[in-house]
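Enquirer: Handing you a structure now.
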Amino acid sequence: MMQKIEALVHHAFESLKSSDLIDHTITPHIVVERTRDNSHGDFTTNVAMMLAKQAKTNPRTLAEHIIAALPQDASVIKVEIAGPGFINFFVDRNAQYDIIKRILNEGAQFGLSKLGAGKKVQVEFVSANPTGPLHVGHGRGAAYGSVVADLLAAVGFDVHREYYVNDAGRQMDILATSIWLRYLEVCGEILPFPSNGYRGDYVRDIAATIHQSASNDYRRPAELVLENTPLDEPDGGDKEVYIDALINRTKTLLGKVLYRDFFQIGLNTILDDIRDDLQEFGVDYQQWFSERHLMEDGSVDTALNRLRSGGHLYEKDGAIWFASGVLGDEKDRVVVRENGQCTYFASDIAYHMNKLDRGFDRIINIWGADHHGYIPRVRAAMTALGADESKLKVLLVQFATLYRGDEKVQMSTRSGDFVTLRQLRNEVGKDAARFFYVMRRSEQHMDFDLDLATSKSNENPVFYVQYAYARVCSVLRQLDEKGWARNLLLGMDHLHSLTEEHETNLIGILARYPEVLQRAALHYEPHQLIQYLRELATAFHTYYNAHQFLVDDAQIRDARLNLICAVKQVLSNGLGLINITAPESM
RNA sequence: GCGCUUGUAGCUCAACCGGAUAGAGCACCAGCCUUCUAAGCUGGGGGUCGCAGGUUCGAGUCCUGCCAAGCGCGCCA
């Protein structure tokens, strides 16, 4: 309908041009919107106001010309000028009933579109370091990323979901060393735990598991481990220097092969846990991309060589720098350290080169908001690699602060004192967790109230929407119990009897669903869909309270049943996109 | 100090490329169950859209300056 009106206005412009009422050089950008107020009709356009100056007339006069030139259309029953020059369109109610037929015909397909035209989009999200279980901060990125990906797929993009596994680098060495030290404790060795090590209970668990299968194979005496190590921070030393020394001792004492095995067991255990966790949270990936793989197959060297041949690298202070400063970054960045090791940034350049080489039309990175300072250097790298940096879209997710009632839940990753995503799921359930996470704009700081998410009351927005769905199901069960059967075709023939204000309002909301989906997808804003579902649920609950559906008059009854079945379908489609269940009864 | 983000009702948040009277939920007050699930509905009060300028037919939305909060500014990841 919206496109139809847009076309009508476009035709009007063309005929005004040909009759010389409007300058030929004017090319109107016609935008037709739904009105926000029923008294303004169904659709509106502001072109008259936008172009009045160019057309050298006032908005209302121009609007009159446009209306006079509008082609006739049976579904448009009234057009009027309002306010400073809006052109408002009133649509024939009978045309609006068609949406119910469409929804019931298209079913689960209703709302989907081909807007994306099959363009390849990669969405990389979560990508938490595999140094421990996911915590509630990662949960928001997981929920947000998966819904964004599903929304894009729903409007016709070819979506590739990916998790970048940082399985190389110092943090992983710290993890492996932490596990080994805990393992030695299990063996009976007595030694202090480094202040910069990973202290979470999961480290002890992994150590215990390894000891069960490997017994004392990796055991070395504590004296040897601590031989020639500097002081840890609590003793007046530097915790970074100390942990690096311990990593070196670990590598030396275990030897290359055993260290590698040990490292791998830790990595696999944690990665498996993360995989399970995400899967149970309704998050699936097409690919888990290994950073280490990138280093081992020479991709990092290739990327650096490409930068070098483009003249973007130089040497200073024994390190190799990427001249990102001239490409929009705050300053230049080191890619190869003085000790010959590549930085994390170097492998990230290779990773983005790899993404580009795979031919994605759009590359979406979903990061925690604390990484925002990293964006310019990645863009600089893409530009230096000769790519179009506008293909990259970085979406930032702010942290969620957990509350239990009024009380803030304190968290610290390093000390191991944090709420895991798994704990959150166990406490509030997958549905509530997903719903709450994407309820707010992602860049918005968010307060996550655990008590509210678990409360089975009218305060809880998740139940509110699910209850609307369950209510429709309940009505259908009642229909059956009363010995009636729904006659779909009879209902279709009498949709015109749905004239109550509650009914026309509901129909109007249903008709908006495809547009909401497109907007939510193209702007990467799942919260738009949530808002919509709440609005739809409200309109349904209101209708439910105002009118009886199961009336004796079969024509009205079946028309109403068709309407509420359409509501049921759209609720199901919308909840499905957020990956939240639609319960038959509650 | 520089950069990014945020600032809307008592609280948590919306507001579609700049559009008509800034909307929800919670909380508060007053009502609705002999009728399809009251996890629901109806009505009410509640706002200098952080502050000050500017752009224009029109600004919560765009521009500039200030104020406040969060984050970032490693040869960490």
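Residue numbering restarts at 1 for every chain of the structure tokens, chains are lettered A, B, ... in their displayed order, and ligands are numbered from 1 as they appear.
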List every residue of chain A that has an atom at most 7 Å from any atom of chain B, and for each one report the closest atom pair and its distance in Å to one decimal, counting only C-alpha atoms (C1' of nucleotides), with rows sorted by chain and then by increasing residue number, as JSON lines.
Expert:
{"residue": "A:Gly83", "atom": "CA", "partner": "B:A20", "partner_atom": "C1'", "distance": 6.4}
{"residue": "A:Ala319", "atom": "CA", "partner": "B:C75", "partner_atom": "C1'", "distance": 6.9}
{"residue": "A:Val334", "atom": "CA", "partner": "B:C75", "partner_atom": "C1'", "distance": 6.2}
{"residue": "A:Arg337", "atom": "CA", "partner": "B:C75", "partner_atom": "C1'", "distance": 4.7}
{"residue": "A:Glu338", "atom": "CA", "partner": "B:C75", "partner_atom": "C1'", "distance": 6.3}
{"residue": "A:Tyr344", "atom": "CA", "partner": "B:A77", "partner_atom": "C1'", "distance": 6.5}
{"residue": "A:Asp370", "atom": "CA", "partner": "B:C71", "partner_atom": "C1'", "distance": 5.4}
{"residue": "A:His372", "atom": "CA", "partner": "B:C4", "partner_atom": "C1'", "distance": 6.5}
{"residue": "A:Gly373", "atom": "CA", "partner": "B:G72", "partner_atom": "C1'", "distance": 5.5}
{"residue": "A:Lys456", "atom": "CA", "partner": "B:A39", "partner_atom": "C1'", "distance": 6.3}
{"residue": "A:Ser457", "atom": "CA", "partner": "B:A39", "partner_atom": "C1'", "distance": 5.1}
{"residue": "A:Asn458", "atom": "CA", "partner": "B:A39", "partner_atom": "C1'", "distance": 5.3}
{"residue": "A:Glu459", "atom": "CA", "partner": "B:C26", "partner_atom": "C1'", "distance": 6.9}
{"residue": "A:Phe463", "atom": "CA", "partner": "B:A39", "partner_atom": "C1'", "distance": 6.3}
{"residue": "A:Tyr464", "atom": "CA", "partner": "B:A39", "partner_atom": "C1'", "distance": 6.6}
{"residue": "A:Tyr467", "atom": "CA", "partner": "B:A39", "partner_atom": "C1'", "distance": 6.7}
{"residue": "A:Arg471", "atom": "CA", "partner": "B:U37", "partner_atom": "C1'", "distance": 7.0}
{"residue": "A:Val475", "atom": "CA", "partner": "B:C36", "partner_atom": "C1'", "distance": 5.1}
{"residue": "A:Gln478", "atom": "CA", "partner": "B:C36", "partner_atom": "C1'", "distance": 6.4}
{"residue": "A:His541", "atom": "CA", "partner": "B:G40", "partner_atom": "C1'", "distance": 6.6}
{"residue": "A:Thr542", "atom": "CA", "partner": "B:C41", "partner_atom": "C1'", "distance": 6.2}
{"residue": "A:Asn545", "atom": "CA", "partner": "B:C41", "partner_atom": "C1'", "distance": 5.7}
{"residue": "A:Gln548", "atom": "CA", "partner": "B:C36", "partner_atom": "C1'", "distance": 6.8}
{"residue": "A:Phe549", "atom": "CA", "partner": "B:C36", "partner_atom": "C1'", "distance": 6.7}
{"residue": "A:Leu550", "atom": "CA", "partner": "B:C36", "partner_atom": "C1'", "distance": 6.4}
Enquirer: Would you return as JSON, numbers by chain the members of stretch 313-547 of chain A that DSSP assigns to strand (DSSP E or B) on this structure's backbone?
Expert: {"A": [313, 314, 315, 316, 319, 320, 321, 322, 333, 334, 335, 336, 342, 362, 363, 364, 365, 366, 367, 368, 392, 393, 394, 395, 396, 397, 400, 401, 402, 403, 404, 407, 408, 412, 417, 420, 446, 447, 448, 449]}
Enquirer: Residues at most 12 Å from B:C67, counting only C-alpha atoms (C1' of nucleotides), excluding those fewer than 4 positions away in the same chain, as an MDAnalysis selection string?
Expert: chainID B and resid 7 50:52
Enquirer: With all heavy atoms retained, write the just-selected residues as a PDB file, in the first residue's frame.
Expert:
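And here's part.pdb as it stands now:
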ATOM      1  P     G B   7      20.883   9.661  24.956  1.00  0.00           P
ATOM      2  OP1   G B   7      19.562   9.042  24.758  1.00  0.00           O
ATOM      3  OP2   G B   7      21.446  10.559  23.921  1.00  0.00           O
ATOM      4  O5'   G B   7      20.868  10.469  26.330  1.00  0.00           O
ATOM      5  C5'   G B   7      20.417   9.848  27.521  1.00  0.00           C
ATOM      6  C4'   G B   7      20.664  10.766  28.703  1.00  0.00           C
ATOM      7  O4'   G B   7      22.017  11.289  28.622  1.00  0.00           O
ATOM      8  C3'   G B   7      19.734  11.975  28.758  1.00  0.00           C
ATOM      9  O3'   G B   7      19.282  12.179  30.096  1.00  0.00           O
ATOM     10  C2'   G B   7      20.609  13.151  28.342  1.00  0.00           C
ATOM     11  O2'   G B   7      20.278  14.351  29.022  1.00  0.00           O
ATOM     12  C1'   G B   7      21.995  12.689  28.790  1.00  0.00           C
ATOM     13  N9    G B   7      23.061  13.278  27.976  1.00  0.00           N
ATOM     14  C8    G B   7      23.444  12.928  26.707  1.00  0.00           C
ATOM     15  N7    G B   7      24.420  13.655  26.245  1.00  0.00           N
ATOM     16  C5    G B   7      24.703  14.540  27.278  1.00  0.00           C
ATOM     17  C6    G B   7      25.674  15.582  27.355  1.00  0.00           C
ATOM     18  O6    G B   7      26.499  15.922  26.511  1.00  0.00           O
ATOM     19  N1    G B   7      25.619  16.240  28.572  1.00  0.00           N
ATOM     20  C2    G B   7      24.744  15.949  29.584  1.00  0.00           C
ATOM     21  N2    G B   7      24.841  16.700  30.687  1.00  0.00           N
ATOM     22  N3    G B   7      23.834  14.983  29.533  1.00  0.00           N
ATOM     23  C4    G B   7      23.875  14.323  28.348  1.00  0.00           C
ATOM     24  P     G B  50      18.018  16.440  26.759  1.00  0.00           P
ATOM     25  OP1   G B  50      18.325  17.185  25.520  1.00  0.00           O
ATOM     26  OP2   G B  50      18.425  15.041  26.920  1.00  0.00           O
ATOM     27  O5'   G B  50      18.584  17.299  27.972  1.00  0.00           O
ATOM     28  C5'   G B  50      18.136  17.083  29.305  1.00  0.00           C
ATOM     29  C4'   G B  50      19.010  17.881  30.242  1.00  0.00           C
ATOM     30  O4'   G B  50      20.334  17.308  30.253  1.00  0.00           O
ATOM     31  C3'   G B  50      19.223  19.329  29.809  1.00  0.00           C
ATOM     32  O3'   G B  50      18.181  20.160  30.278  1.00  0.00           O
ATOM     33  C2'   G B  50      20.570  19.661  30.446  1.00  0.00           C
ATOM     34  O2'   G B  50      20.436  19.960  31.816  1.00  0.00           O
ATOM     35  C1'   G B  50      21.310  18.327  30.299  1.00  0.00           C
ATOM     36  N9    G B  50      22.104  18.252  29.073  1.00  0.00           N
ATOM     37  C8    G B  50      21.949  17.348  28.045  1.00  0.00           C
ATOM     38  N7    G B  50      22.811  17.517  27.071  1.00  0.00           N
ATOM     39  C5    G B  50      23.570  18.600  27.485  1.00  0.00           C
ATOM     40  C6    G B  50      24.661  19.244  26.846  1.00  0.00           C
ATOM     41  O6    G B  50      25.194  18.987  25.764  1.00  0.00           O
ATOM     42  N1    G B  50      25.155  20.312  27.605  1.00  0.00           N
ATOM     43  C2    G B  50      24.660  20.700  28.822  1.00  0.00           C
ATOM     44  N2    G B  50      25.255  21.747  29.399  1.00  0.00           N
ATOM     45  N3    G B  50      23.632  20.102  29.431  1.00  0.00           N
ATOM     46  C4    G B  50      23.152  19.067  28.710  1.00  0.00           C
ATOM     47  P     C B  51      17.677  21.381  29.309  1.00  0.00           P
ATOM     48  OP1   C B  51      16.454  21.929  29.934  1.00  0.00           O
ATOM     49  OP2   C B  51      17.653  20.929  27.907  1.00  0.00           O
ATOM     50  O5'   C B  51      18.849  22.449  29.476  1.00  0.00           O
ATOM     51  C5'   C B  51      19.103  23.087  30.720  1.00  0.00           C
ATOM     52  C4'   C B  51      20.254  24.048  30.582  1.00  0.00           C
ATOM     53  O4'   C B  51      21.459  23.299  30.259  1.00  0.00           O
ATOM     54  C3'   C B  51      20.131  25.031  29.428  1.00  0.00           C
ATOM     55  O3'   C B  51      19.321  26.148  29.759  1.00  0.00           O
ATOM     56  C2'   C B  51      21.588  25.418  29.189  1.00  0.00           C
ATOM     57  O2'   C B  51      22.051  26.345  30.152  1.00  0.00           O
ATOM     58  C1'   C B  51      22.282  24.075  29.403  1.00  0.00           C
ATOM     59  N1    C B  51      22.481  23.339  28.139  1.00  0.00           N
ATOM     60  C2    C B  51      23.543  23.721  27.315  1.00  0.00           C
ATOM     61  O2    C B  51      24.267  24.667  27.670  1.00  0.00           O
ATOM     62  N3    C B  51      23.749  23.065  26.157  1.00  0.00           N
ATOM     63  C4    C B  51      22.949  22.065  25.801  1.00  0.00           C
ATOM     64  N4    C B  51      23.192  21.450  24.647  1.00  0.00           N
ATOM     65  C5    C B  51      21.847  21.653  26.615  1.00  0.00           C
ATOM     66  C6    C B  51      21.654  22.316  27.768  1.00  0.00           C
ATOM     67  P     A B  52      18.514  26.893  28.568  1.00  0.00           P
ATOM     68  OP1   A B  52      17.707  27.950  29.218  1.00  0.00           O
ATOM     69  OP2   A B  52      17.857  25.873  27.710  1.00  0.00           O
ATOM     70  O5'   A B  52      19.667  27.583  27.708  1.00  0.00           O
ATOM     71  C5'   A B  52      20.473  28.609  28.293  1.00  0.00           C
ATOM     72  C4'   A B  52      21.508  29.083  27.302  1.00  0.00           C
ATOM     73  O4'   A B  52      22.487  28.025  27.063  1.00  0.00           O
ATOM     74  C3'   A B  52      20.988  29.393  25.908  1.00  0.00           C
ATOM     75  O3'   A B  52      20.340  30.649  25.846  1.00  0.00           O
ATOM     76  C2'   A B  52      22.281  29.351  25.091  1.00  0.00           C
ATOM     77  O2'   A B  52      23.049  30.518  25.277  1.00  0.00           O
ATOM     78  C1'   A B  52      22.993  28.166  25.744  1.00  0.00           C
ATOM     79  N9    A B  52      22.755  26.918  24.996  1.00  0.00           N
ATOM     80  C8    A B  52      21.792  25.966  25.208  1.00  0.00           C
ATOM     81  N7    A B  52      21.837  24.968  24.351  1.00  0.00           N
ATOM     82  C5    A B  52      22.896  25.296  23.523  1.00  0.00           C
ATOM     83  C6    A B  52      23.464  24.646  22.405  1.00  0.00           C
ATOM     84  N6    A B  52      23.023  23.492  21.920  1.00  0.00           N
ATOM     85  N1    A B  52      24.518  25.244  21.802  1.00  0.00           N
ATOM     86  C2    A B  52      24.956  26.407  22.285  1.00  0.00           C
ATOM     87  N3    A B  52      24.513  27.119  23.327  1.00  0.00           N
ATOM     88  C4    A B  52      23.473  26.498  23.907  1.00  0.00           C
TER      89        A B  52
END
Enquirer: Quick one: of B:A27, B:G1, B:G18, B:C33, who's nearest to B:A59, counting only C-alpha atoms (C1' of nucleotides)?
Expert: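 Using only C-alpha atoms (C1' of nucleotides), the shortest distance to B:A59 belongs to B:G18.
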Enquirer: Using only C-alpha atoms (C1' of nucleotides), which residues sit within 12 Å of B:C29 once same-chain residues fewer than 5 positions away are excluded, as a ChimeraX atom specification?
Expert: /B:43-46
Enquirer: Residues of the last selection are to be written out with N, CA, C and O atoms (P, O5', C5', C4', C3', O3' and C1' of nucleotides), as a PDB file, in the first residue's frame.
Expert:
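The resulting file, result18.pdb, is shown below:
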ATOM      1  P     G B  43      -8.629   4.248  28.623  1.00  0.00           P
ATOM      2  O5'   G B  43      -8.796   5.169  29.911  1.00  0.00           O
ATOM      3  C5'   G B  43      -9.978   5.938  30.083  1.00  0.00           C
ATOM      4  C4'   G B  43     -10.030   6.517  31.464  1.00  0.00           C
ATOM      5  C3'   G B  43      -8.876   7.431  31.862  1.00  0.00           C
ATOM      6  O3'   G B  43      -8.970   8.716  31.290  1.00  0.00           O
ATOM      7  C1'   G B  43      -9.380   5.982  33.654  1.00  0.00           C
ATOM      8  P     G B  44      -7.637   9.585  31.029  1.00  0.00           P
ATOM      9  O5'   G B  44      -7.177   9.951  32.504  1.00  0.00           O
ATOM     10  C5'   G B  44      -7.998  10.773  33.329  1.00  0.00           C
ATOM     11  C4'   G B  44      -7.356  10.968  34.668  1.00  0.00           C
ATOM     12  C3'   G B  44      -5.942  11.528  34.646  1.00  0.00           C
ATOM     13  O3'   G B  44      -5.931  12.924  34.439  1.00  0.00           O
ATOM     14  C1'   G B  44      -6.067   9.740  36.199  1.00  0.00           C
ATOM     15  P     G B  45      -4.792  13.607  33.553  1.00  0.00           P
ATOM     16  O5'   G B  45      -3.699  14.002  34.637  1.00  0.00           O
ATOM     17  C5'   G B  45      -4.035  14.874  35.714  1.00  0.00           C
ATOM     18  C4'   G B  45      -3.122  14.626  36.886  1.00  0.00           C
ATOM     19  C3'   G B  45      -1.638  14.838  36.602  1.00  0.00           C
ATOM     20  O3'   G B  45      -1.280  16.211  36.685  1.00  0.00           O
ATOM     21  C1'   G B  45      -1.932  12.785  37.736  1.00  0.00           C
ATOM     22  P     G B  46      -0.431  16.878  35.495  1.00  0.00           P
ATOM     23  O5'   G B  46       1.002  16.228  35.680  1.00  0.00           O
ATOM     24  C5'   G B  46       1.750  16.451  36.885  1.00  0.00           C
ATOM     25  C4'   G B  46       2.863  15.454  36.976  1.00  0.00           C
ATOM     26  C3'   G B  46       3.854  15.471  35.809  1.00  0.00           C
ATOM     27  O3'   G B  46       4.837  16.487  35.976  1.00  0.00           O
ATOM     28  C1'   G B  46       3.232  13.229  36.294  1.00  0.00           C
TER      29        G B  46
END
Enquirer: Of the residues A:Gln423, A:Gly574, A:Gln466, A:Thr25, which is the one nearest to A:Pro514, using only C-alpha atoms?
Expert: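 Ranking A:Gln423, A:Gly574, A:Gln466, A:Thr25 by distance to A:Pro514, first place goes to A:Gly574.
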Enquirer: Go through A:Asn339, A:Gln528, A:Asn216, A:Thr383 and flag the residue nearest A:Arg512, using only C-alpha atoms for the distances.
Expert: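 Looking at the shortest contact to A:Arg512, the residue is A:Gln528.
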Enquirer: Hey, what's within 12 Å of A:Ser19 if we count only C-alpha atoms (C1' of nucleotides) and toss same-chain stuff fewer than 5 positions away? As a PyMOL selection string, please?
Expert: chain A and resi 12-14+24+65+69
Enquirer: Those selected residues, please, written with C-alpha atoms and delivered as a PDB file, in the first residue's frame.
Expert:
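Writing done, so here's again.pdb:
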ATOM      1  CA  ALA A  12       1.514  13.203 -10.135  1.00  0.00           C
ATOM      2  CA  PHE A  13       4.946  14.775 -10.264  1.00  0.00           C
ATOM      3  CA  GLU A  14       5.633  13.526 -13.756  1.00  0.00           C
ATOM      4  CA  HIS A  24      11.898  19.762 -15.043  1.00  0.00           C
ATOM      5  CA  HIS A  65      -1.261  20.919  -7.590  1.00  0.00           C
ATOM      6  CA  ALA A  69      -2.557  15.604 -10.619  1.00  0.00           C
TER       7      ALA A  69
END
Enquirer: Would you kindly return, as a PyMOL selection string, each protein, DNA or RNA residue with an atom no farther than 6 Å from any atom of stretch 446-455 of chain A, considering only C-alpha atoms (C1' of nucleotides) and excluding same-chain residues fewer than 4 positions away?
Expert: chain A and resi 400-405+428+432
Enquirer: Could the residues in this selection be written to a file with all heavy atoms, as a PDB file, in the first residue's frame?
Expert:
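Output below, filename result-v1.pdb:
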ATOM      1  N   ALA A 400      25.936  -4.456  30.314  1.00  0.00           N
ATOM      2  CA  ALA A 400      24.721  -4.470  31.108  1.00  0.00           C
ATOM      3  C   ALA A 400      25.128  -4.527  32.577  1.00  0.00           C
ATOM      4  O   ALA A 400      26.021  -5.275  32.945  1.00  0.00           O
ATOM      5  CB  ALA A 400      23.877  -5.679  30.746  1.00  0.00           C
ATOM      6  N   THR A 401      24.495  -3.720  33.362  1.00  0.00           N
ATOM      7  CA  THR A 401      24.738  -3.767  34.802  1.00  0.00           C
ATOM      8  C   THR A 401      23.654  -4.616  35.434  1.00  0.00           C
ATOM      9  O   THR A 401      22.475  -4.379  35.218  1.00  0.00           O
ATOM     10  CB  THR A 401      24.684  -2.357  35.406  1.00  0.00           C
ATOM     11  OG1 THR A 401      25.494  -1.487  34.626  1.00  0.00           O
ATOM     12  CG2 THR A 401      25.175  -2.370  36.831  1.00  0.00           C
ATOM     13  N   LEU A 402      24.082  -5.616  36.175  1.00  0.00           N
ATOM     14  CA  LEU A 402      23.102  -6.503  36.803  1.00  0.00           C
ATOM     15  C   LEU A 402      22.597  -5.941  38.116  1.00  0.00           C
ATOM     16  O   LEU A 402      23.371  -5.429  38.921  1.00  0.00           O
ATOM     17  CB  LEU A 402      23.729  -7.867  37.081  1.00  0.00           C
ATOM     18  CG  LEU A 402      23.839  -8.865  35.936  1.00  0.00           C
ATOM     19  CD1 LEU A 402      24.217 -10.221  36.491  1.00  0.00           C
ATOM     20  CD2 LEU A 402      22.542  -8.959  35.164  1.00  0.00           C
ATOM     21  N   TYR A 403      21.304  -6.040  38.296  1.00  0.00           N
ATOM     22  CA  TYR A 403      20.713  -5.636  39.564  1.00  0.00           C
ATOM     23  C   TYR A 403      19.867  -6.770  40.114  1.00  0.00           C
ATOM     24  O   TYR A 403      19.255  -7.525  39.371  1.00  0.00           O
ATOM     25  CB  TYR A 403      19.804  -4.415  39.371  1.00  0.00           C
ATOM     26  CG  TYR A 403      20.548  -3.121  39.259  1.00  0.00           C
ATOM     27  CD1 TYR A 403      21.034  -2.696  38.023  1.00  0.00           C
ATOM     28  CD2 TYR A 403      20.765  -2.325  40.366  1.00  0.00           C
ATOM     29  CE1 TYR A 403      21.724  -1.503  37.901  1.00  0.00           C
ATOM     30  CE2 TYR A 403      21.458  -1.127  40.264  1.00  0.00           C
ATOM     31  CZ  TYR A 403      21.933  -0.715  39.029  1.00  0.00           C
ATOM     32  OH  TYR A 403      22.622   0.463  38.927  1.00  0.00           O
ATOM     33  N   ARG A 404      19.893  -6.893  41.414  1.00  0.00           N
ATOM     34  CA  ARG A 404      18.957  -7.768  42.098  1.00  0.00           C
ATOM     35  C   ARG A 404      18.112  -6.826  42.921  1.00  0.00           C
ATOM     36  O   ARG A 404      18.542  -6.349  43.963  1.00  0.00           O
ATOM     37  CB  ARG A 404      19.716  -8.741  42.997  1.00  0.00           C
ATOM     38  CG  ARG A 404      19.293 -10.183  42.845  1.00  0.00           C
ATOM     39  CD  ARG A 404      20.127 -11.077  43.724  1.00  0.00           C
ATOM     40  NE  ARG A 404      21.273 -11.642  43.013  1.00  0.00           N
ATOM     41  CZ  ARG A 404      21.185 -12.660  42.177  1.00  0.00           C
ATOM     42  NH1 ARG A 404      20.043 -13.228  41.943  1.00  0.00           N
ATOM     43  NH2 ARG A 404      22.260 -13.112  41.559  1.00  0.00           N
ATOM     44  N   GLY A 405      16.934  -6.481  42.412  1.00  0.00           N
ATOM     45  CA  GLY A 405      16.161  -5.421  43.054  1.00  0.00           C
ATOM     46  C   GLY A 405      16.928  -4.118  42.920  1.00  0.00           C
ATOM     47  O   GLY A 405      17.288  -3.723  41.821  1.00  0.00           O
ATOM     48  N   VAL A 428      17.125 -17.021  35.079  1.00  0.00           N
ATOM     49  CA  VAL A 428      15.984 -16.339  34.453  1.00  0.00           C
ATOM     50  C   VAL A 428      15.433 -17.069  33.231  1.00  0.00           C
ATOM     51  O   VAL A 428      14.344 -16.738  32.758  1.00  0.00           O
ATOM     52  CB  VAL A 428      16.316 -14.877  34.067  1.00  0.00           C
ATOM     53  CG1 VAL A 428      16.970 -14.163  35.214  1.00  0.00           C
ATOM     54  CG2 VAL A 428      17.168 -14.816  32.830  1.00  0.00           C
ATOM     55  N   ALA A 432      13.648 -15.058  28.769  1.00  0.00           N
ATOM     56  CA  ALA A 432      13.720 -13.765  29.454  1.00  0.00           C
ATOM     57  C   ALA A 432      15.078 -13.120  29.224  1.00  0.00           C
ATOM     58  O   ALA A 432      15.172 -11.912  28.983  1.00  0.00           O
ATOM     59  CB  ALA A 432      13.464 -13.934  30.939  1.00  0.00           C
TER      60      ALA A 432
END
Enquirer: Please report the interatomic distance between atom CA of A:Lys408 and atom CA of A:Val136 in Å with one decimal.
Expert: 13.5 Å
Enquirer: Taking only stretch 77-112 of chain A into account, list the residues labelled helix (DSSP H, G or I) by DSSP (computed from the backbone), as a list in words.
Expert: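 Reading the DSSP output for stretch 77-112 of chain A, helix (DSSP H, G or I) covers Arg93, Asn94, Ala95, Gln96, Tyr97, Asp98, Ile99, Ile100, Lys101, Arg102, Ile103, Leu104, Asn105, Glu106, Gly107, Ala108 and Gln109 of chain A.
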Enquirer: Write the residues you've just listed into a file as a tab-separated table (two decimals), in the first residue's frame, and include N, CA, C and O atoms for each of them.
Expert:
chain	number	residue	atom	x	y	z
A	93	ARG	N	-11.14	0.97	3.74
A	93	ARG	CA	-11.01	-0.06	4.77
A	93	ARG	C	-10.98	-1.47	4.17
A	93	ARG	O	-10.24	-2.33	4.63
A	94	ASN	N	-11.77	-1.68	3.15
A	94	ASN	CA	-11.82	-3.02	2.55
A	94	ASN	C	-10.46	-3.47	2.03
A	94	ASN	O	-10.14	-4.65	2.07
A	95	ALA	N	-9.68	-2.49	1.55
A	95	ALA	CA	-8.35	-2.83	1.06
A	95	ALA	C	-7.47	-3.28	2.22
A	95	ALA	O	-6.57	-4.10	2.05
A	96	GLN	N	-7.77	-2.75	3.41
A	96	GLN	CA	-6.93	-3.07	4.56
A	96	GLN	C	-7.17	-4.49	5.09
A	96	GLN	O	-6.29	-5.07	5.71
A	97	TYR	N	-8.34	-5.00	4.83
A	97	TYR	CA	-8.62	-6.36	5.30
A	97	TYR	C	-7.75	-7.41	4.62
A	97	TYR	O	-7.55	-8.51	5.12
A	98	ASP	N	-7.25	-7.06	3.44
A	98	ASP	CA	-6.43	-8.01	2.69
A	98	ASP	C	-5.23	-8.51	3.48
A	98	ASP	O	-4.74	-9.62	3.25
A	99	ILE	N	-4.77	-7.68	4.42
A	99	ILE	CA	-3.58	-8.07	5.15
A	99	ILE	C	-3.82	-9.36	5.94
A	99	ILE	O	-2.91	-10.18	6.10
A	100	ILE	N	-5.05	-9.56	6.41
A	100	ILE	CA	-5.35	-10.78	7.18
A	100	ILE	C	-5.22	-12.00	6.27
A	100	ILE	O	-4.63	-13.02	6.66
A	101	LYS	N	-5.73	-11.87	5.06
A	101	LYS	CA	-5.59	-12.98	4.10
A	101	LYS	C	-4.12	-13.27	3.83
A	101	LYS	O	-3.69	-14.41	3.79
A	102	ARG	N	-3.38	-12.17	3.63
A	102	ARG	CA	-1.96	-12.34	3.32
A	102	ARG	C	-1.23	-13.05	4.45
A	102	ARG	O	-0.44	-13.97	4.22
A	103	ILE	N	-1.51	-12.63	5.67
A	103	ILE	CA	-0.81	-13.22	6.82
A	103	ILE	C	-1.13	-14.71	6.92
A	103	ILE	O	-0.22	-15.54	7.08
A	104	LEU	N	-2.41	-15.04	6.78
A	104	LEU	CA	-2.78	-16.45	6.93
A	104	LEU	C	-2.29	-17.29	5.76
A	104	LEU	O	-1.96	-18.46	5.93
A	105	ASN	N	-2.21	-16.69	4.59
A	105	ASN	CA	-1.68	-17.42	3.43
A	105	ASN	C	-0.18	-17.64	3.53
A	105	ASN	O	0.33	-18.72	3.28
A	106	GLU	N	0.52	-16.59	3.91
A	106	GLU	CA	1.99	-16.66	3.91
A	106	GLU	C	2.54	-17.33	5.16
A	106	GLU	O	3.66	-17.82	5.17
A	107	GLY	N	1.77	-17.34	6.24
A	107	GLY	CA	2.19	-18.03	7.46
A	107	GLY	C	3.53	-17.56	7.98
A	107	GLY	O	3.76	-16.38	8.14
A	108	ALA	N	4.42	-18.52	8.18
A	108	ALA	CA	5.74	-18.21	8.73
A	108	ALA	C	6.56	-17.32	7.80
A	108	ALA	O	7.54	-16.71	8.21
A	109	GLN	N	6.15	-17.28	6.52
A	109	GLN	CA	6.89	-16.45	5.56
A	109	GLN	C	6.50	-14.99	5.64
A	109	GLN	O	7.19	-14.12	5.10
Enquirer: Find the spatial neighbours of stretch 559-568 of chain A, counting only C-alpha atoms (C1' of nucleotides), within a cut-off of 10 Å - ignore same-chain residues fewer than 2 positions away - and output them as a VMD selection string.
Expert: chain A and resid 97 99 to 105 107 468 to 473 475 to 476 479 486 to 498 503 506 to 507 509 to 510 536 to 537 539 to 540 543 to 544 547 to 551 554 to 557 570 to 574 582
Enquirer: Measuring atom to atom with only C-alpha atoms, identify which of A:Tyr144, A:Tyr374, A:Trp367, A:Tyr218 is nearest to A:Val257.
Expert: A:Tyr218
